[in-house]
Every structure is written in structure tokens, then in C-alpha cells.
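Structure first, commentary second.
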Protein chains: 2
Amino acid sequence: MEITNAQIQEWLNSGDSKEYFDLLKFATVGADVNHLRDCVQCATWLKKWLKGIGAEAELILPPGGDAPSSVPVVFAEIKGEEGASTVLFYGHYDVQPADPEDLWETPPFEPSLRDGRVYCRGSQDDKGQFFAFLCGVRQYLAAAGEKVNLKILLEGQEESGSTGLFKLLAEPSFRKRLAADVMLVCDTSAAADLRPSIMAGIRGVNHFTVKLTAAQRDLHSGEYGGVAPNAAQGMCELLSSLHAPDGSIAVAGFLDGKEVPSPAELEMASAAFPSEDAAREAFEKDTGVPPCGGERAKPVFLRTGFEPTIEINGVHSGYGGAGSKTVIPCEAIAKISTRLVPGQNPRRTFEAIKEHLVAHCPEGMEVSFPEDSGLSAALKLPLSSPLFAIAEEVLSQMDSRGPLFQWGGASIPVVSALKETSGAAALLVGWGQADDRIHSPNESFSVRQFFLAKEWAVRILERL
Amino acid sequence: MEITNAQIQEWLNSGDSKEYFDLLKFATVGADVNHLRDCVQCATWLKKWLKGIGAEAELILPPGGDAPSSVPVVFAEIKGEEGASTVLFYGHYDVQPADPEDLWETPPFEPSLRDGRVYCRGSQDDKGQFFAFLCGVRQYLAAAGEKVNLKILLEGQEESGSTGLFKLLAEPSFRKRLAADVMLVCDTSAAADLRPSIMAGIRGVNHFTVKLTAAQRDLHSGEYGGVAPNAAQGMCELLSSLHAPDGSIAVAGFLDGKEVPSPAELEMASAAFPSEDAAREAFEKDTGVPPCGGERAKPVFLRTGFEPTIEINGVHSGYGGAGSKTVIPCEAIAKISTRLVPGQNPRRTFEAIKEHLVAHCPEGMEVSFPEDSGLSAALKLPLSSPLFAIAEEVLSQMDSRGPLFQWGGASIPVVSALKETSGAAALLVGWGQADDRIHSPNESFSVRQFFLAKEWAVRILERL
């Protein structure tokens with residue numbers, strides 16, 4: 001289904017596109033305090049827009065008083081019929097930084113339409129997806145018939161850990177306001193060639209820092225070499241001990257409780273993937289390397305969706321500049337993250353890794369954990385739920401191929417938290433595609449994708 | 001032998017101390033172009049001083065035209081009797097940077113005498129040692145009798161790899177001027193409690209950089225985690241493979257040709273060391289860690305003087321800042337140095353490591369060697385040489401305990417090169433002590449050490 005130039009022209013003359021372009025122009029880099037003003041202006045614009053479609057809307061500042069607490073959360077409510085179900089919609093108006101700016105063909109915060117695609121930072125992630133959905137909400141509200149109760153939550157720090165929103169979620173008064181039956185999120189991808197896709201699971205995550213200390217100071221590698229313990233070498237040995245030679249995780253207790261995917265899950269997950277050979281080929285084309293990370297004997301779709309990971313995000317010790325320095329480093333740090341699957345208790349996995357690292361700490365050194373961030377469990381959505389049945393029906397009406405079910409490797413910790421807080425059944429359907437290049441220069445979103453996200457909003461709300 | 005206040009007072013009134021203090025005031029940080037002017041002024045001062053004792057002296061700029069080529073080498077010659085032996089003396093007037101400056105009790109380039117010690121950057125390494133020696137040369141020249149031919153070479157880049165001097169050594173015209181029978185160096189340490197010490201061997205060295213590359217770009221640790229190869233992890237595994245669990249080197253071919261120390265060498269080396277228990281205790285007191293690096297089953301004195309090392313001076317990959325970043329690093333670098341012992345061919349050891357790293361390169365990655373510096377073989381001086389016999393006699397006259405022989409772990413690549421170029425027999429006798437704190441804040445050199453270095457110069461020159 002390609003769309004015609006006439007359709008694009010009609011869209012360009014509509015309020016949808018004009019407002020979408022206005023929204024994109026705010027340089028809402030939520031992680032950068034220099035863009036705080038842009039974030040506040042954007043949130044104010046969204047509040048006004050939501051009031052325009054009939055919502056009671058407000059800006060909420062997370063508690064704290066520090067910089068992250070100054071990025072407002074937009075919260076809006078639209079009352080529906082008495083007794084109708086309550087739908088919570090989540091999206092984020094912040095975007096990734098634009099750099100490297102010189103690789104953009106047009107300025108990153110000036111939307112530019114070329115060949116049916118809108119180029120701009122945030123044109124897809126998540127401004128494009130959530131705003132197309134909200135345009136659908138406006139159309140839904142304008143039509144005749146009974147309406148659901150709507151709660152709309154738009155945050156400005158998703159790209160930097162949802163710090164403020166997590167703080168807000170700790171406040172009982174705010175938690176109460178989130179109660180809902182269904183939570184909808186439009187921030188994920190469709191399958192290849194825009195075939196609709198329902199997220200059936202996403203992995204949990206845990207981040208932490210490991211520090212290894214040896215001597216009281218860096219030592220001369222000539223005078224002390226061959227005698228003094230070396231923290232750089234110790235860290236290498238320590239980190240190497242986390243995996244077995246076959247790539248499997250070698251940390252006792254880390255896999256405790258890990259669930260085996262059901263035959264139905266395996267069938268659906270593999271159906272959403274190309275053949276193993278094709279998946280390997282696609283991976284290599286995308287990254288330039290074979291898919292030989294993790295437990296490489298297992299198929300790619302299994303490793304992405306159903307296997308946990310322990311990933312080294314960084315390791316630093318000693319000298320790294322030009323030339324050489326005759327030093328035996330006395331200290332090393334590593335940044336580690338783990339991805340978790342259903343059944344794993346996040347706290348227990350963290351304890352297991354810490355115990356492993358302490359037990360394997362090389363002689364003469366001490367291991368410590370100076371920093372760690374919030375733990376988030378895997379999100380597993382029941383395949384046979386009534387909500388999924390409705391979604392499947394709606395998406396089959398939109399596309400005769402019907403939806404695929406996907407298990408995502410990336411984590412959206414705040415979605416798991418929102419699901420828990422609201423008590424809602426979650427439904428993650430989004431319209432991203434790999435060539436949207438989110439997080440990269442020249443991010444774009446096609447008018448066709450915008451139409452699909454909008455249509456999805458109208459159709460699913462009509463059925464809830 | 002403590003020295004008296006009267007002796008210190010007399011010294012303070014002498015030309016020796018006044019000129020020594022003048023020399024120390026030049027902030028000759030040879031590695032820092034901001035101190036180039038200080039280096040040139042210091043070299044000019046030295047040339048004038050050497051002329052004052054009757055030398056033909058000149059400043060030589062190494063070829064190149066780049067910044068390191070602007071730090072002059074001071075070269076001086078003093079003709080002796082026809083047919084007398086020719087002695088080449090080597091020293092360096094550059095010093096380590098003074099930072100951290102706030103840890104100095106008195107300004108780093110203002111010599112300050114306290115409790116019989118002169119505090120100043122360079123007061124020992126090497127300005128103090130070489131200048132005390134040169135004061136001895138002056139006294140030797142002033143006395144009656146036949147004189148040796150003297151060649152004096154003072155460079156300004158020893159602390160940063162002797163870049164300029166190595167360039168000069170490649171010039172045939174300069175090489176010819178260095179021809180000598182004996183080379184004397186006063187830049188090493190005496191044994192505990194200032195017992196005289198003759199260096200019998202120093203390890204060779206090789207520095208290089210290893211780079212490991214995986215995917216075309218850093219990948220998202222959620223989307224690609226468990227599938228993509230991780231360069232940080234790959235580097236850890238690769239570096240871990242260099243050693244066996246017992247700490248021994250696991251690189252095939254690296255140890256080829258390694259000589260076993262002779263019984264005489266072993267006896268003398270262990271005699272210069274405290275007992276193994278005492279050595280371990282001293283090491284732990286000095287560094288805060290047990291001597292568990294390298295092949296830890298072997299005694300400490302053996303590991304320092306007679307065993308080669310492969311030391312990781314630095315490893316860097318991926319994120320290292322505050323908090324976390326969800327990245328699978330596509331690249332990692334490591335800085336490695338090796339110390340070599342007699343019998344090892346430096347080029348062969350480097351080839352062996354490169355072959356090992358290529359052979360152990362993890363799947364999906366590529367290893368390369370973007371940078372390496374000059375190779376230097378171990379320096380082994382024959383214990384039974386006539387020169388050592390003379391030195392032993394002289395040092396026994398100076399100190400009834402007689403000298404110890406030491407095998408040093410650190411390398412002085414330019415000394416090996418100078419020995420080869422000059423064709424001289426080398427004699428390294430210095431008067432450093434651990435509590436001089438060279439390379440650290442509050443470096444100092446005692447008046448007693450100054451006297452010993454000066455006395456040594458007079459006595460050894462009288463015998464050559």
C-alpha cells in the first residue's frame with residue numbers, strides 16, 4: 001500500500017501535519033540541560049494541544065529540585081462514558097541528541113519532506129509515533145458514539161532513563177491517578193515491510209559499575225613488572241570469567257528461575273523472523289559482523305528475545321593516549337549491563353553477579369560496585385489475553401497479512417513500571433522500521449507510517 | 001657515615017652547591033613543549049659550565065624540525081693523555097613533570113635544604129646524580145697526573161623516550177664521535193642503606209598498541225545484545241590469554257632463547273635482596289599489595305631481574321562516564337609493554353605476541369597493531385670483566401661492605417643503544433635510594449648522596 005502524491009498533498013494541508021511540524025521544531029533533548037527551555041516550551045505546547053481536543057491537561061514537575069526534575073511530565077485526562085474502560089496512553093516528547101550534526105542533510109530540528117518521508121530528529125522516535133496516535137485520538141473523539149476514559153502521559157526523559165517519571169511514580173498521589181484497564185504505547189516497530197506487530201515481551205535490564213583496585217598507586221612497569229598485581233589484567237580476567245567459551249553465561253545463580261518459552265511463543269517468535277540463514281545474513285549486512293555474540297549455537301531469534309545477556313558496555317584502566325606509558329594500573333572500572341528474561345528475579349541476578357565477581361576477584365585486588373541503577377524485570381504479555389485477541393482482529397482488518405508477535409531485546413523500564421502502577425493490560429503496537437534511522441542522523445518517518453499509527457489509534461479505541 | 005652540620009655548611013658555601021641549585025631551578029620538563037625554553041636555557045647553562053672546566057662543548061639539535069628535535073643534546077669533549085682510555089659519561093638534564101604540584105611542601109623548582117636533603121624536582125633524577133658526578137670530574141681534572149679522554153653526553157628527553165637522542169644515534173657522523181672504551185652512567189640506585197651497587201643487568205623493553213574491531217558501529221545492547229560480538233569482552237578474553245593461571249607467560253615463542261641465570265648471577269642477585277619473606281613484606285609495605293603479579297611461585301628477586309613480562313599498561317573500550325550507556329562497543333584498544341631478559345630477541349618476542357593475538361582473536365573481530373615503539377634488548381654486563389673488578393675495588397675502598405650487584409627490572413633503552421654505538425664497556429653505578437621519591441612530589445637528594453656520587457667520579461676516573 002503506497003500512498004499517492006495527492007494524499008501527501010492533502011495531509012500537508014491538514015492540521016495534523018502542520019501541528020506535527022510545529023512539534024518537531026522543539027529541540028527537546030531531554031538529557032541536556034541546555035535544552036531544558038525547549039522541553040518546557042514543548043510540554044506547554046502539548047498541554048495546549050491536549051486542551052484543544054477536550055482534555056484536562058497539566059504539566060507536572062517531578063519532585064527533587066535538581067535539573068532532571070525540571071523536565072515536565074504532561075498529564076491529561078478525558079472523561080468518557082460512566083462505566084467505560086479506562087485507557088492510559090504513554091509516549092515521550094524528548095529525543096536523542098542530534099550529533100553528529102554535520103551528517104544531517106537538512107538541519108536536525110527543521111522538518112523536511114522528501115519522497116514521502118519527514119526528516120527531522122524525533123520525526124519517528126517518539127514524536128512522530130505518539131503524535132500520529134494522538135491525531136487518531138482527536139478523530140476518535142470527534143466521531144459519534146460512546147467513549148472510553150482516556151489518560152495521556154507524555155514524558156520528556158525517556159531517552160535518559162525516565163529519571164523524573166520514576167520519581168513521580170514513587171508518589172502515591174500520582175500513582176492513583178494512573179489506574180487504568182488498558183495501557184497503549186506507540187513507540188515500537190512493525191515487522192518487515194510494515195507488517196503490523198504486537199510486542200509480546202521485552203527484556204528487563206540492570207546497569208552497574210564494577211571497580212577493581214590493586215596497589216595504592218600506579219607502579220612503574222619496569223621496577224615492579226612481574227611482581228605487582230595489575231588491575232587492567234585483573235579486570236580482563238574477571239570479566240572473561242562471566243562467560244563460558246561457548247558464549248553461555250557462567251555465573252552461578254544468574255539463570256535461576258529463567259522460564260523456557262512455550263511452544264506457542266517459540267512458533268510465533270520464529271514466524272516473525274526470517275529463516276536462520278536469512279537472519280544471519282541480514283545481521284551481517286546491518287552490522288558488518290556475523291551474529292557470533294552470546295550463546296552462538298542458538299538461533300538468532302532465540303538469543304534476541306528469550307535469552308538474557310551480561311554485556312560489557314565499557315572497560316577502562318591505565319594509559320590510553322598516544323605512545324606509551326610505563327605503568328602498572330592500580331585501578332580498573334567496567335560498565336556492565338544485563339538483559340533479563342521472564343522468570344529471572346532482577347535483584348537475585350544482580351546478587352549472583354556480585355557474588356561471582358567477588359569470588360573470582362584476582363589475588364591482591366579488591367572488587368567493589370560503586371554505582372548501579374534501578375532494576376527492571378522482563379515484561380511478558382500473555383499471548384492468549386482478550387486484549388491481544390482484539391488487537392489481532394483490528395490489525396488484521398488494517399492489513400490482511402495479520403500481525404506478527406515480537407519479543408524485543410531492548411528494554412523500556414518505565415513501561416514495565418507504568419504497567420505495574422496502573423494495573424493495566426499492556427499493548428505495545430508501533431510502526432517503526434529499520435530505515436527510519438532513529439538515534440542516527442537523518443531520522444525520518446514516512447507519511448504512510450503516520451497514517452498507519454493514526455488509523456491504529458482510531459480503530460483500537462473504537463474496540464476498547 | 002652521617003655527615004656533620006659543619007660539612008653541610010661548608011658545602012653550602014661551595015661552588016658545587018651554588019651551581020647545583022642554579023641547575024635545579026630550570027624547569028626542564030623535556031616532554032612538555034611549554035618547557036622547551038627552560039630546556040634550551042638549561043642546556044646553554046650546562047655548555048657554559050662544561051667550558052668552564054676546560055671542555056669543548058656544544059649543543060646539538062637532533063634532526064627532524066619537530067618539537068622533540070628542539071630539545072638540545074649537550075656534548076662535550078676533554079682531551080686527555082695521548083693513548084689514555086676514553087670515557088663516555090651519560091646523564092640527562094630533563095626531569096619528570098612536577099604535578100600534582102599541590103602535594104609539594106616547597107615549590108617544585110625552588111631547591112630547599114631541609115635536614116641534610118635538597119628538595120626539588122630533579123634534585124636526584126638525574127640532575128643531582130650527574131651534576132655531583134661532574135663536580136667529581138672537575139676535581140679530578142684539577143688534580144695532578146695523567147688524564148683520560150672524556151666525552152660527556154647530557155640529553156633532555158630521557159623521561160620521554162630519548163626521542164631526539166635516538167635520532168642523533170642514527171647519524172653516522174654523530175655515532176663516530178661517541179667511540180669510547182668505558183661508558184659511565186650515574187642514574188641508578190645504591191642498595192639499602194646506601195651500600196654501593198653495580199648494575200649487572202637491566203631488562204629490555206618493547207611498547208605497542210593493540211586494537212580490536214568488531215561491528216561497523218557501536219550497537220544497542222538491548223537490540224543486539226546476545227547476538228553481536230562485543231569488542232570490550234573480546235579484548236578482555238584476548239588479553240587474558242597472554243598468561244596462564246599460574247601467572248606464567250602463555251605466548252608460544254616469546255621465551256625462545258631466554259637465558260637461565262648462572263649460579264654466580266643467582267647468588268649475587270639474591271645476596272643483594274633481603275630474604276624472600278622480608279622482600280615480600282617490604283613489597284607489601286611499599287605498594288599495599290602482596291607481590292602476586294607474574295609467575296608468583298618464583299621468588300621476588302628472580303621475577304624482577306631475570307624474568308620477562310607482558311604487562312597491560314592500559315585497556316580502553318566503550319563507555320566510561322557516570323551512569324550507564326546501552327552500548328556494545330565496536331572497538332577496543334590496549335597499551336602493552338614487555339620487559340625482556342638476556343637471550344630474548346626483541347623482534348622475535350614482538351612477532352610471537354602478534355602471532356598469538358592474531359591466532360586468539362575472537363570470532364567476528366579483527367586485531368591490529370597501530371603503534372609500536374623501538375625495541376630494546378636486555379643489557380647484560382659480564383660479572384667477571386676487568387671493569388667490574390676495578391669498580392668493585394674502588395667501591396670497597398669507599399665502603400667496607402663492598403658493592404652488591406643488581407639486576408634491574410626497569411629499562412634504559414638509550415643506554416643499551418649508547419653502549420652499542422660507542423663500543424664501550426658499561427658501568428652503571430648510582431646513588432639513588434627509595435626515599436628520594438623520584439618521579440613523585442617532594443623528590444630529594446641528600447648532601448651525603450651528593451658527596452658519594454662526587455667521590456665515586458674522582459675515584460673511578462683515577463683508576464681508568
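Residues in the C-alpha cells are numbered from 1 in each chain, the chains being A, B, ... in the order shown, and ligands are numbered from 1 in the order shown.
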
Interface rows for chain B against chain A: nearest pair, Å to one decimal, 6 Å, only C-alpha atoms, as CSV:
```
residue,atom,partner,partner_atom,distance
B:Ala215,CA,A:Thr287,CA,5.3
B:Gln216,CA,A:Gly288,CA,5.6
B:Gly222,CA,A:Ala410,CA,3.6
B:Glu223,CA,A:Gly409,CA,4.7
B:Gly226,CA,A:Gly294,CA,4.1
B:Val227,CA,A:Gly293,CA,4.3
B:Ala228,CA,A:Gly293,CA,4.5
B:Pro229,CA,A:Gly293,CA,4.1
B:Cys236,CA,A:Cys236,CA,4.2
B:Glu237,CA,A:Ser240,CA,5.4
B:Ser240,CA,A:Glu237,CA,5.4
B:Thr287,CA,A:Ala215,CA,5.3
B:Gly288,CA,A:Ala215,CA,5.4
B:Val289,CA,A:Ala215,CA,5.4
B:Pro290,CA,A:Gly364,CA,5.9
B:Pro291,CA,A:Val227,CA,5.0
B:Cys292,CA,A:Pro229,CA,5.6
B:Gly293,CA,A:Pro229,CA,4.1
B:Gly294,CA,A:Gly226,CA,4.1
B:Arg303,CA,A:Gly226,CA,5.6
B:Thr309,CA,A:Gly226,CA,5.6
B:Asn313,CA,A:Val327,CA,5.3
B:Gly314,CA,A:Gly318,CA,4.1
B:Val315,CA,A:Ser317,CA,5.3
B:His316,CA,A:His316,CA,4.5
B:Ser317,CA,A:Gly314,CA,5.2
B:Gly318,CA,A:Gly314,CA,4.1
B:Tyr319,CA,A:Gly314,CA,4.5
B:Gly320,CA,A:Gly314,CA,5.8
B:Val327,CA,A:Asn313,CA,5.3
B:Ile328,CA,A:Asn313,CA,5.6
B:Gly364,CA,A:Val289,CA,5.5
B:Gly409,CA,A:Glu223,CA,4.7
B:Ala410,CA,A:Gly222,CA,3.6
```

Export, as a CSV table (one decimal), in the first residue's frame, the selected residues with N, CA and C atoms.
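Listing of out-v5.csv after writing:
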```csv
chain,number,residue,atom,x,y,z
B,215,ALA,N,31.9,-4.7,15.1
B,215,ALA,CA,30.9,-4.2,14.2
B,215,ALA,C,31.3,-2.9,13.6
B,216,GLN,N,30.6,-2.5,12.6
B,216,GLN,CA,30.9,-1.2,11.9
B,216,GLN,C,30.7,0.0,12.8
B,222,GLY,N,20.5,-3.6,23.9
B,222,GLY,CA,19.3,-4.3,24.0
B,222,GLY,C,18.9,-5.0,22.7
B,223,GLU,N,18.9,-4.2,21.7
B,223,GLU,CA,18.5,-4.7,20.4
B,223,GLU,C,19.5,-5.8,19.9
B,226,GLY,N,23.5,-10.2,23.0
B,226,GLY,CA,23.4,-11.7,23.0
B,226,GLY,C,23.6,-12.2,21.5
B,227,VAL,N,23.7,-11.3,20.6
B,227,VAL,CA,23.9,-11.7,19.2
B,227,VAL,C,25.2,-11.1,18.6
B,228,ALA,N,25.4,-9.8,18.9
B,228,ALA,CA,26.5,-9.1,18.3
B,228,ALA,C,27.8,-9.4,19.1
B,229,PRO,N,28.9,-9.6,18.4
B,229,PRO,CA,30.2,-9.7,19.2
B,229,PRO,C,30.6,-8.3,19.8
B,236,CYS,N,39.1,-8.3,26.5
B,236,CYS,CA,39.4,-9.0,27.8
B,236,CYS,C,39.8,-10.4,27.7
B,237,GLU,N,39.1,-11.1,26.8
B,237,GLU,CA,39.4,-12.5,26.6
B,237,GLU,C,40.8,-12.7,25.9
B,240,SER,N,43.5,-11.8,28.4
B,240,SER,CA,43.6,-12.9,29.4
B,240,SER,C,44.4,-14.1,28.9
B,287,THR,N,53.7,-1.0,48.5
B,287,THR,CA,52.6,-0.9,47.5
B,287,THR,C,51.2,-1.1,48.0
B,288,GLY,N,51.1,-1.7,49.2
B,288,GLY,CA,49.8,-2.0,49.7
B,288,GLY,C,49.2,-3.3,49.2
B,289,VAL,N,50.0,-4.1,48.4
B,289,VAL,CA,49.5,-5.4,47.9
B,289,VAL,C,50.6,-6.4,48.0
B,290,PRO,N,50.3,-7.7,48.0
B,290,PRO,CA,51.3,-8.7,48.0
B,290,PRO,C,51.9,-8.8,46.6
B,291,PRO,N,53.1,-9.3,46.6
B,291,PRO,CA,53.8,-9.5,45.3
B,291,PRO,C,53.3,-10.6,44.5
B,292,CYS,N,52.0,-10.6,44.1
B,292,CYS,CA,51.4,-11.7,43.4
B,292,CYS,C,51.2,-11.5,41.9
B,293,GLY,N,51.9,-10.6,41.3
B,293,GLY,CA,51.9,-10.5,39.9
B,293,GLY,C,52.9,-11.4,39.3
B,294,GLY,N,52.8,-11.6,38.0
B,294,GLY,CA,53.7,-12.5,37.3
B,294,GLY,C,53.6,-13.9,37.8
B,303,ARG,N,61.9,-12.7,39.8
B,303,ARG,CA,60.9,-12.1,38.9
B,303,ARG,C,61.3,-10.7,38.5
B,309,THR,N,58.4,-9.9,31.2
B,309,THR,CA,57.0,-9.7,31.5
B,309,THR,C,56.2,-9.3,30.2
B,313,ASN,N,49.5,-2.0,30.1
B,313,ASN,CA,49.6,-0.6,30.7
B,313,ASN,C,48.3,0.1,30.6
B,314,GLY,N,47.4,-0.4,29.8
B,314,GLY,CA,46.1,0.3,29.7
B,314,GLY,C,45.2,-0.5,28.8
B,315,VAL,N,43.8,-0.4,29.1
B,315,VAL,CA,42.8,-1.0,28.2
B,315,VAL,C,41.6,-0.1,28.2
B,316,HIS,N,41.1,0.2,27.0
B,316,HIS,CA,40.0,1.1,26.9
B,316,HIS,C,39.0,0.7,25.8
B,317,SER,N,37.8,0.7,26.2
B,317,SER,CA,36.7,0.3,25.3
B,317,SER,C,35.4,0.8,25.8
B,318,GLY,N,34.6,1.4,24.9
B,318,GLY,CA,33.2,1.8,25.2
B,318,GLY,C,33.1,2.9,26.2
B,319,TYR,N,31.9,2.8,26.9
B,319,TYR,CA,31.6,3.9,27.8
B,319,TYR,C,32.3,3.8,29.2
B,320,GLY,N,32.7,5.0,29.7
B,320,GLY,CA,33.4,5.0,31.0
B,320,GLY,C,32.9,6.1,31.9
B,327,VAL,N,25.4,0.3,25.3
B,327,VAL,CA,26.2,0.2,24.1
B,327,VAL,C,27.0,-1.1,24.0
B,328,ILE,N,27.1,-1.7,22.9
B,328,ILE,CA,28.1,-2.8,22.7
B,328,ILE,C,29.2,-2.2,21.9
B,364,GLY,N,34.5,-12.9,14.7
B,364,GLY,CA,33.8,-11.7,14.3
B,364,GLY,C,34.6,-10.4,14.6
B,409,GLY,N,64.8,-4.2,37.0
B,409,GLY,CA,63.7,-4.6,36.2
B,409,GLY,C,63.4,-3.5,35.2
B,410,ALA,N,63.7,-2.3,35.5
B,410,ALA,CA,63.4,-1.2,34.5
B,410,ALA,C,64.4,-1.1,33.4
```

Write out as a PyMOL selection string the set of residues from region 119-365 of chain A that DSSP, computed on the backbone, places in helix (DSSP H, G or I). chain A and resi 127-142+158-160+163-169+172-177+192-194+231-240+263-271+276-287+300-305+346-359

Polymer residues at most 10 Å from Phe21 (chain A), only C-alpha atoms, same-chain spacing of 6 or more positions, as an MDAnalysis selection string: chainID A and resid 12 15 109:112 118 120 123 127:128

Go ahead and write the residues just picked, N, CA and C atoms, as a PDB file, in the first residue's frame.
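Everything below was put into out_14.pdb:
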```pdb
ATOM      1  N   LEU A  12      -0.453  17.491   3.859  1.00  0.00           N
ATOM      2  CA  LEU A  12       0.341  18.705   4.084  1.00  0.00           C
ATOM      3  C   LEU A  12      -0.548  19.911   4.375  1.00  0.00           C
ATOM      4  N   GLY A  15      -4.356  20.030   9.500  1.00  0.00           N
ATOM      5  CA  GLY A  15      -3.854  20.413  10.827  1.00  0.00           C
ATOM      6  C   GLY A  15      -2.852  19.397  11.336  1.00  0.00           C
ATOM      7  N   PHE A 109      16.521  19.976  13.435  1.00  0.00           N
ATOM      8  CA  PHE A 109      15.239  20.373  14.034  1.00  0.00           C
ATOM      9  C   PHE A 109      14.394  21.224  13.092  1.00  0.00           C
ATOM     10  N   GLU A 110      14.615  21.052  11.786  1.00  0.00           N
ATOM     11  CA  GLU A 110      13.742  21.670  10.777  1.00  0.00           C
ATOM     12  C   GLU A 110      13.145  20.561   9.930  1.00  0.00           C
ATOM     13  N   PRO A 111      11.879  20.212  10.178  1.00  0.00           N
ATOM     14  CA  PRO A 111      11.280  19.102   9.428  1.00  0.00           C
ATOM     15  C   PRO A 111      11.326  19.369   7.926  1.00  0.00           C
ATOM     16  N   SER A 112      11.687  18.339   7.181  1.00  0.00           N
ATOM     17  CA  SER A 112      11.831  18.489   5.734  1.00  0.00           C
ATOM     18  C   SER A 112      11.221  17.253   5.069  1.00  0.00           C
ATOM     19  N   VAL A 118       9.273  12.415   6.278  1.00  0.00           N
ATOM     20  CA  VAL A 118       9.596  13.629   7.009  1.00  0.00           C
ATOM     21  C   VAL A 118      10.930  13.403   7.735  1.00  0.00           C
ATOM     22  N   CYS A 120      13.660  14.658  10.326  1.00  0.00           N
ATOM     23  CA  CYS A 120      13.829  15.545  11.490  1.00  0.00           C
ATOM     24  C   CYS A 120      14.169  14.662  12.683  1.00  0.00           C
ATOM     25  N   SER A 123      11.261  12.748  14.326  1.00  0.00           N
ATOM     26  CA  SER A 123      10.142  12.578  13.380  1.00  0.00           C
ATOM     27  C   SER A 123       9.469  11.230  13.588  1.00  0.00           C
ATOM     28  N   LYS A 127       8.111  11.403  18.826  1.00  0.00           N
ATOM     29  CA  LYS A 127       7.134  12.448  18.500  1.00  0.00           C
ATOM     30  C   LYS A 127       6.210  12.024  17.363  1.00  0.00           C
ATOM     31  N   GLY A 128       6.808  11.434  16.298  1.00  0.00           N
ATOM     32  CA  GLY A 128       6.003  11.043  15.151  1.00  0.00           C
ATOM     33  C   GLY A 128       4.993   9.980  15.512  1.00  0.00           C
TER      34      GLY A 128
END
```

As a JSON list (two decimals) with N, CA and C atoms, in the first residue's frame, please: the residues near Val137 (chain A) (cut-off 8 Å, only C-alpha atoms, same-chain neighbours under 3 positions excluded).
```json
[["chain", "number", "residue", "atom", "x", "y", "z"],
["A", 133, "PHE", "N", -0.64, 9.01, 16.68],
["A", 133, "PHE", "CA", -1.63, 8.32, 17.51],
["A", 133, "PHE", "C", -2.61, 9.34, 18.10],
["A", 134, "LEU", "N", -2.08, 10.47, 18.61],
["A", 134, "LEU", "CA", -2.95, 11.48, 19.22],
["A", 134, "LEU", "C", -3.88, 12.12, 18.17],
["A", 140, "TYR", "N", -11.08, 10.07, 16.76],
["A", 140, "TYR", "CA", -11.95, 9.15, 17.52],
["A", 140, "TYR", "C", -12.93, 9.94, 18.38],
["A", 141, "LEU", "N", -12.40, 10.99, 19.06],
["A", 141, "LEU", "CA", -13.25, 11.78, 19.96],
["A", 141, "LEU", "C", -14.30, 12.57, 19.18],
["A", 454, "LYS", "N", -2.05, 6.61, 13.07],
["A", 454, "LYS", "CA", -3.31, 7.33, 13.33],
["A", 454, "LYS", "C", -4.51, 6.37, 13.19],
["A", 457, "ALA", "N", -4.85, 4.05, 16.11],
["A", 457, "ALA", "CA", -5.43, 4.69, 17.29],
["A", 457, "ALA", "C", -6.95, 4.69, 17.19],
["A", 458, "VAL", "N", -7.45, 5.13, 16.06],
["A", 458, "VAL", "CA", -8.91, 5.22, 15.88],
["A", 458, "VAL", "C", -9.56, 3.85, 16.05],
["A", 461, "LEU", "N", -9.20, 2.21, 19.69],
["A", 461, "LEU", "CA", -10.03, 2.89, 20.69],
["A", 461, "LEU", "C", -11.51, 2.56, 20.47]]
```

Give me the residues near Thr106 (chain A) as a ChimeraX atom specification, where near means some atom within 12 Å (using only C-alpha atoms) and where sequence neighbours in that chain fewer than 2 positions away do not count. /A:98,101-104,108-114,118-121,441-444
